[in-house]
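Working notes, structure below.
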Amino acid sequence: MAHATKSGYASKAAARGIQQAGLWAGPRRHVLDLDDFTRAEIDEVLLNADGMKEVLGRGVRKTPALRGKSVVTVFYEASTRTRVSFEQAGKILGADVINVTADASSVKKGESLLNTVRTLEAMQIDALVIRHPHSGAPYFVAAHLDTSVINAGDGTHAHPTQALLDIYTIERMRGKLSGKKIAIIGDILYSRVARSNMIGMRKMGADVVVSGPPTLLPPGFKPGTVVPEGQPFEGIRVAARVEEAIEGADVVMVLRIQRERQDAGHLPSLREYSREYGVNVARVKLAKPDALLMHPGPMNEGVEISSEVAHGPQSVIEDQVTNGVAVRMAVLYMLCARARNGGS
Amino acid sequence: MAHATKSGYASKAAARGIQQAGLWAGPRRHVLDLDDFTRAEIDEVLLNADGMKEVLGRGVRKTPALRGKSVVTVFYEASTRTRVSFEQAGKILGADVINVTADASSVKKGESLLNTVRTLEAMQIDALVIRHPHSGAPYFVAAHLDTSVINAGDGTHAHPTQALLDIYTIERMRGKLSGKKIAIIGDILYSRVARSNMIGMRKMGADVVVSGPPTLLPPGFKPGTVVPEGQPFEGIRVAARVEEAIEGADVVMVLRIQRERQDAGHLPSLREYSREYGVNVARVKLAKPDALLMHPGPMNEGVEISSEVAHGPQSVIEDQVTNGVAVRMAVLYMLCARARNGGS
Amino acid sequence: MAHATKSGYASKAAARGIQQAGLWAGPRRHVLDLDDFTRAEIDEVLLNADGMKEVLGRGVRKTPALRGKSVVTVFYEASTRTRVSFEQAGKILGADVINVTADASSVKKGESLLNTVRTLEAMQIDALVIRHPHSGAPYFVAAHLDTSVINAGDGTHAHPTQALLDIYTIERMRGKLSGKKIAIIGDILYSRVARSNMIGMRKMGADVVVSGPPTLLPPGFKPGTVVPEGQPFEGIRVAARVEEAIEGADVVMVLRIQRERQDAGHLPSLREYSREYGVNVARVKLAKPDALLMHPGPMNEGVEISSEVAHGPQSVIEDQVTNGVAVRMAVLYMLCARARNGGS
């Protein structure tokens with residue numbers, strides 16, 4: 001999938017504000033991960049998110065941009081945060097939002113994923129926001145649907161709107177990512193947030209340095225080396241020690257520890273993890289004085305992040321949440337605003 | 001309940017399109033099953049569904065027809081398909097839709113069904129869409145409420161909007177049902193879809209032929225005979241063999257096998273069921289070359305229907321889903337659009 | 001928290017009707033219990049509820065009063081009744097309503113209550129309606145949020161909108177509460193409905209008399225005495241016998257018996273409770289001939305209330321439900337209608 005650079009009129013659209021924009025609508029059909037985004041396309045999403053954030057900051061948060069459009073969220077894993085963020089984004093844009101959860105659905109009746117989403121598509125919807133415990137499930141769905149599919153997190157694979165909101169947060173608070181040092185700390189192997197961010201941030205020219213227990217690093221990630229060219233995630237630096245990753249960083253991004261990993265033997269104990277990799281005040285001091293402290297949430301305070309850091313002056317965790325709504329508005333708008341023929 | 005034939009102005013309303021219609025609104029209060037519908041009234045619903053389908057096919061799917069009306073869905077059984085279909089239908093018409101599921105409700109607190117729905121009615125709603133595992137529950141509810149009640153499936157009894165959408169799908173794709181041969185294959189005894197369709201299709205003049213394991217046929221349904229006059233479902237033909245039912249059919253409607261039936265000893269094994277009654281390519285060849293292949297979903301592919309048939313060229317299963325939204329829009333509009341006095 | 005008396009312009013606003021009102025919006029940020037409401041402020045809510053009830057009684061129930069506002073309900077306990085009442089209230093006012101339930105939320109992931117609500121606030125919402133099994137949880141939340149918090153029931157502590165709707169129901173059907181005898185029968189100790197009503201009704205000048213098993217009376221509530229000055233609930237009369245409480249009452253309010261209490265040994269048996277404290281026809285005859293019979297629902301018919309009484313001519317239980325929507329509209333409007341700066 002190749003996407004033309006459209007930043008020219010995207011910036012004009014942003015200048016005019018989103019209500020007048022109405023015209024901008026990319027040729028992209030799905031948002032599955034950031035690997036098929038060009039840098040220019042990411043820039044466009046961020047520009048559009050500026051207009052959305054302006055709407056979000058108003059006393060009356062409502063635009064008719066997606067009036068008469070239907071967004072369906074289908075969550076096969078529980079997530080208040082992401083589901084509500086998409087629901088709020090869709091509703092502010094005037095779309096109808098319908099929620100489907102695995103618990104309340106005919107999933108119980110044993111229907112296949114494909115038949116479920118085909119059925120939803122046949123009800124004439126414009127976007128399907130899907131979260132699924134299996135990596136790749138949204139790709140499988142997208143390959144069989146005409147409807148736009150947004151990956152809201154698939155297994156250990158990807159979470160592209162999280163990465164877009166993280167990139168947006170950094171660029172709007174500290175300027176262009178290019179050349180910035182971003183430390184990502186924790187479970188790099190299983191974190192879909194880490195994976196999408198590594199791809200997106202490298203694309204934007206950032207110097208991404210990761211650190212985590214050797215058992216939680218992807219294959220080819222050797223501490224003290226750089227992922228070689230030609231390998232997945234080439235150019236990512238793997239720190240020998242967590243302190244090395246954080247030292248002089250512009251951003252410290254802490255990943256959530258999944259307690260299930262411990263059961264699987266990948267983690268000795270939460271206490272030991274906290275001592276070895278937990279981001280606390282002492283470690284944050286190694287970063288630049290104005291470094292941003294980020295976490296995708298929900299946090300295990302006292303495990304991967306100390307409460308002082310989580311709620312301290314450098315934390316932009318709540319800004320991430322607010323920006324998440326703006327970025328998801330931009331993504332929904334990008335996918336749904338173009339005119340469509342109905343038909344089933 | 002007798003209903004005057006209103007097809008005269010219904011067809012004009014359809015011609016004018018639903019937005020201008022505004023005037024048409026039958027005297028009917030509830031939709032519980034098709035047995036109290038006249039043929040003319042079914043025709044009216046189908047005509048109105050035409051207008052609704054036109055709305056559904058637009059890029060901006062929204063009408064203010066039911067603005068300021070409240071539709072509450074109360075599902076005592078999980079069902080993504082039917083609940084989302086009603087929710088989509090209500091929202092496109094501009095109604096507010098509120099979902100109540102048994103799991104999340106005060107059902108847990110042991111409140112009676114009647115007190116639950118009386119409470120919902122007292123909140124000033126216009127239509128209650130109810131699914132319940134007990135046959136007859138919607139009748140009980142309707143007998144005690146002033147609010148319109150729509151039966152979205154009650155036990156093994158009825159599923160009238162499914163039958164309306166099936167009739168609509170056939171008539172719009174193949175013309176009037178009158179004289180058409182409709183084969184319904186599977187669990188005739190426990191299927192609410194079969195029951196409502198048998199009633200509705202006979203009313204429209206179709207030649208309905210059923211086939212299924214003898215243990216899954218209603219009392220009085222003897223293979224190789226016609227249900228005698230004066231009995232429920234009079235005139236329905238019961239085929240001696242599944243091939244006889246399908247032979248020369250205009251429509252082959254496959255029913256979902258409920259795996260629970262097997263536990264109850266009504267089914268030998270799914271494998272045997274599939275061999276004896278499963279609708280596969282070979283069996284479909286016995287029907288007319290352009291026969292429609294239908295299933296109410298969700299499907300057990302490989303059991304009651306083969307995947308080749310389910311996703312083959314004659315399958316109109318997704319059309320059924322799309323038409324379901326249009327038909328439910330017509331039903332909601334029919335019940336809610338008339339002016340009401342509020343007050344409790 | 002002190003609140004200026006604003007009944008002057010509130011009554012004018014009510015006279016003009018809610019659509020034109022637009023201007024009225026108190027300085028109050030949260031509704032946690034009635035103890036920090038002045039009598040004048042309660043009067044204002046009731047006056048505004050009059051306008052809301054007028055809207056609720058229309059054929060088209062919709063006002064744009066809260067268009068572009070977001071209301072989030074977060075229920076850590078199941079409750080159809082209260083959640084749907086707030087959802088209906090919010091939607092009629094034109095707000096977007098997003099539901100979060102504990103079951104479907106990242107509560108499962110072990111996130112703290114505070115981080116959950118901070119995350120919701122960061123998504124730019126206007127009001128958080130919270131129900132929580134722990135007494136005081138909404139206060140904890142309100143102390144840390146800028147967003148308006150409405151307590152929709154916290155443990156055994158408070159349920160202020162229920163008390164407001166009860167007061168509204170009595171005043172609009174029987175005139176000012178001042179001097180009226182209100183009998184509250186049942187589990188006074190654990191009932192949040194009883195607690196908020198005792199506070200609110202005393203504030204309005206009612207003579208509140210309670211009766212219940214000694215094991216279910218709060219400390220200091222001695223049968224046959226009046227709660228002394230300086231103690232919580234001062235001035236509440238505690239009847240020696242249930243008949244004494246009901247005798248000559250203007251209102252008989254029956255509380256729901258929580259079956260869990262029996263397990264805890266606070267109740268001998270439901271049969272015995274019913275015999276000793278159940279409100280039946282014979283006991284209702286002791287009240288004034290036109291006494292109102294109230295219950296917050298859901299009812300255990302045959303336990304704390306007989307079916308004849310629950311559905312008898314003096315029952316205003318469904319009026320309570322209808323008024324609940326109107327009062328919650330007034331409360332949401334009061335908290336959300338003032339202009340806000342966005343920002344996170």
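Simple scheme: letters A, B, ... for chains in structure tokens order, numbers from 1 for residues in each chain, numbers from 1 for ligands in the order shown.
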Non-local contacts of Ile92 in chain C (12 Å; only C-alpha atoms; under 6 positions in same chain excluded) as number ranges by chain: B: 67-70, 95-98, 123-125; C: 19, 52-67, 84-86, 325-326, 328-330, 332-333
Nearest-residue call for Pro298 in chain A, choices A:Arg256, A:Arg241, A:His134, A:Arg195, using only C-alpha atoms: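 Counting only C-alpha atoms, the residue closest to Pro298 in chain A is A:Arg256.
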At most 12 Å is the cut-off: for each residue in range 79-138 of chain B with any atom that close to an atom of range 174-193 of chain B, write down the nearest atom pair and the distance in Å rounded to one decimal, counting only C-alpha atoms, chain first then increasing number, as CSV.
residue,atom,partner,partner_atom,distance
B:Arg131,CA,B:Arg192,CA,11.7
B:His132,CA,B:Arg192,CA,11.8
B:Pro133,CA,B:Arg192,CA,10.9
B:His134,CA,B:Arg192,CA,11.4
B:Ser135,CA,B:Arg192,CA,9.1
B:Gly136,CA,B:Arg192,CA,11.4
Separation of CA of Asn115 in chain B from CA of Pro138 in chain B in Å: 13.6 Å
For His159 in chain B: contacts at 10 Å, only C-alpha atoms, fewer than 3 positions along chain excluded, given as a PyMOL selection string: chain B and resi 31-34+131+150-156+162-164+191-197
With N, CA, C and O atoms kept, could you save the residues just selected as a CSV table (one decimal), in the first residue's frame?
chain,number,residue,atom,x,y,z
B,31,VAL,N,-45.6,-5.7,18.1
B,31,VAL,CA,-45.2,-6.7,17.1
B,31,VAL,C,-44.7,-7.9,17.9
B,31,VAL,O,-43.6,-8.0,18.3
B,32,LEU,N,-45.6,-8.9,18.0
B,32,LEU,CA,-45.3,-10.1,18.9
B,32,LEU,C,-45.1,-11.3,18.0
B,32,LEU,O,-44.2,-12.1,18.3
B,33,ASP,N,-45.9,-11.5,17.0
B,33,ASP,CA,-45.7,-12.6,16.0
B,33,ASP,C,-46.4,-12.1,14.8
B,33,ASP,O,-47.1,-11.1,14.8
B,34,LEU,N,-46.3,-13.0,13.7
B,34,LEU,CA,-47.0,-12.6,12.5
B,34,LEU,C,-48.5,-13.1,12.4
B,34,LEU,O,-49.2,-12.8,11.5
B,131,ARG,N,-35.9,-9.6,24.1
B,131,ARG,CA,-35.6,-11.0,23.8
B,131,ARG,C,-35.6,-11.8,25.1
B,131,ARG,O,-35.0,-11.3,26.1
B,150,ILE,N,-41.8,-5.0,21.0
B,150,ILE,CA,-41.4,-5.8,19.9
B,150,ILE,C,-40.7,-7.1,20.3
B,150,ILE,O,-39.7,-7.0,21.1
B,151,ASN,N,-41.2,-8.2,19.9
B,151,ASN,CA,-40.6,-9.5,20.2
B,151,ASN,C,-39.4,-9.7,19.4
B,151,ASN,O,-39.5,-9.9,18.1
B,152,ALA,N,-38.2,-9.7,20.0
B,152,ALA,CA,-37.0,-9.9,19.3
B,152,ALA,C,-36.5,-11.4,19.5
B,152,ALA,O,-35.3,-11.7,19.4
B,153,GLY,N,-37.5,-12.3,19.7
B,153,GLY,CA,-37.2,-13.7,19.9
B,153,GLY,C,-37.5,-14.1,21.3
B,153,GLY,O,-36.9,-13.7,22.2
B,154,ASP,N,-38.5,-15.0,21.4
B,154,ASP,CA,-38.9,-15.5,22.7
B,154,ASP,C,-38.9,-17.1,22.7
B,154,ASP,O,-39.7,-17.7,22.1
B,155,GLY,N,-38.0,-17.6,23.4
B,155,GLY,CA,-37.9,-19.1,23.5
B,155,GLY,C,-37.9,-19.8,22.2
B,155,GLY,O,-37.2,-19.4,21.3
B,156,THR,N,-38.8,-20.7,22.1
B,156,THR,CA,-38.9,-21.5,20.9
B,156,THR,C,-40.1,-21.0,20.1
B,156,THR,O,-40.6,-21.7,19.2
B,162,GLN,N,-37.5,-11.3,12.2
B,162,GLN,CA,-36.7,-12.2,11.3
B,162,GLN,C,-37.6,-12.7,10.1
B,162,GLN,O,-37.1,-12.7,9.0
B,163,ALA,N,-38.8,-13.1,10.4
B,163,ALA,CA,-39.7,-13.5,9.4
B,163,ALA,C,-40.0,-12.4,8.4
B,163,ALA,O,-40.0,-12.6,7.2
B,164,LEU,N,-40.2,-11.2,8.9
B,164,LEU,CA,-40.5,-10.1,8.0
B,164,LEU,C,-39.3,-9.8,7.1
B,164,LEU,O,-39.4,-9.5,5.9
B,191,SER,N,-37.4,-24.1,16.6
B,191,SER,CA,-36.9,-22.8,15.9
B,191,SER,C,-38.0,-21.8,15.9
B,191,SER,O,-39.0,-21.9,15.2
B,192,ARG,N,-37.8,-20.7,16.6
B,192,ARG,CA,-38.7,-19.6,16.5
B,192,ARG,C,-38.7,-18.9,15.1
B,192,ARG,O,-39.7,-18.3,14.7
B,193,VAL,N,-37.6,-19.0,14.5
B,193,VAL,CA,-37.5,-18.5,13.1
B,193,VAL,C,-38.4,-19.3,12.2
B,193,VAL,O,-39.1,-18.7,11.4
B,194,ALA,N,-38.3,-20.6,12.3
B,194,ALA,CA,-39.2,-21.4,11.4
B,194,ALA,C,-40.6,-21.2,11.7
B,194,ALA,O,-41.4,-21.0,10.8
B,195,ARG,N,-41.0,-21.1,12.9
B,195,ARG,CA,-42.4,-20.9,13.3
B,195,ARG,C,-43.0,-19.6,12.7
B,195,ARG,O,-44.0,-19.5,12.1
B,196,SER,N,-42.2,-18.5,13.0
B,196,SER,CA,-42.7,-17.2,12.4
B,196,SER,C,-42.7,-17.2,10.9
B,196,SER,O,-43.6,-16.6,10.3
B,197,ASN,N,-41.7,-17.8,10.3
B,197,ASN,CA,-41.7,-17.8,8.8
B,197,ASN,C,-42.8,-18.7,8.3
B,197,ASN,O,-43.4,-18.3,7.3
Proximity to Val72 in chain B - best of C:Val254, C:Gln88, C:Ser306, C:Cys336, only C-alpha atoms: C:Gln88
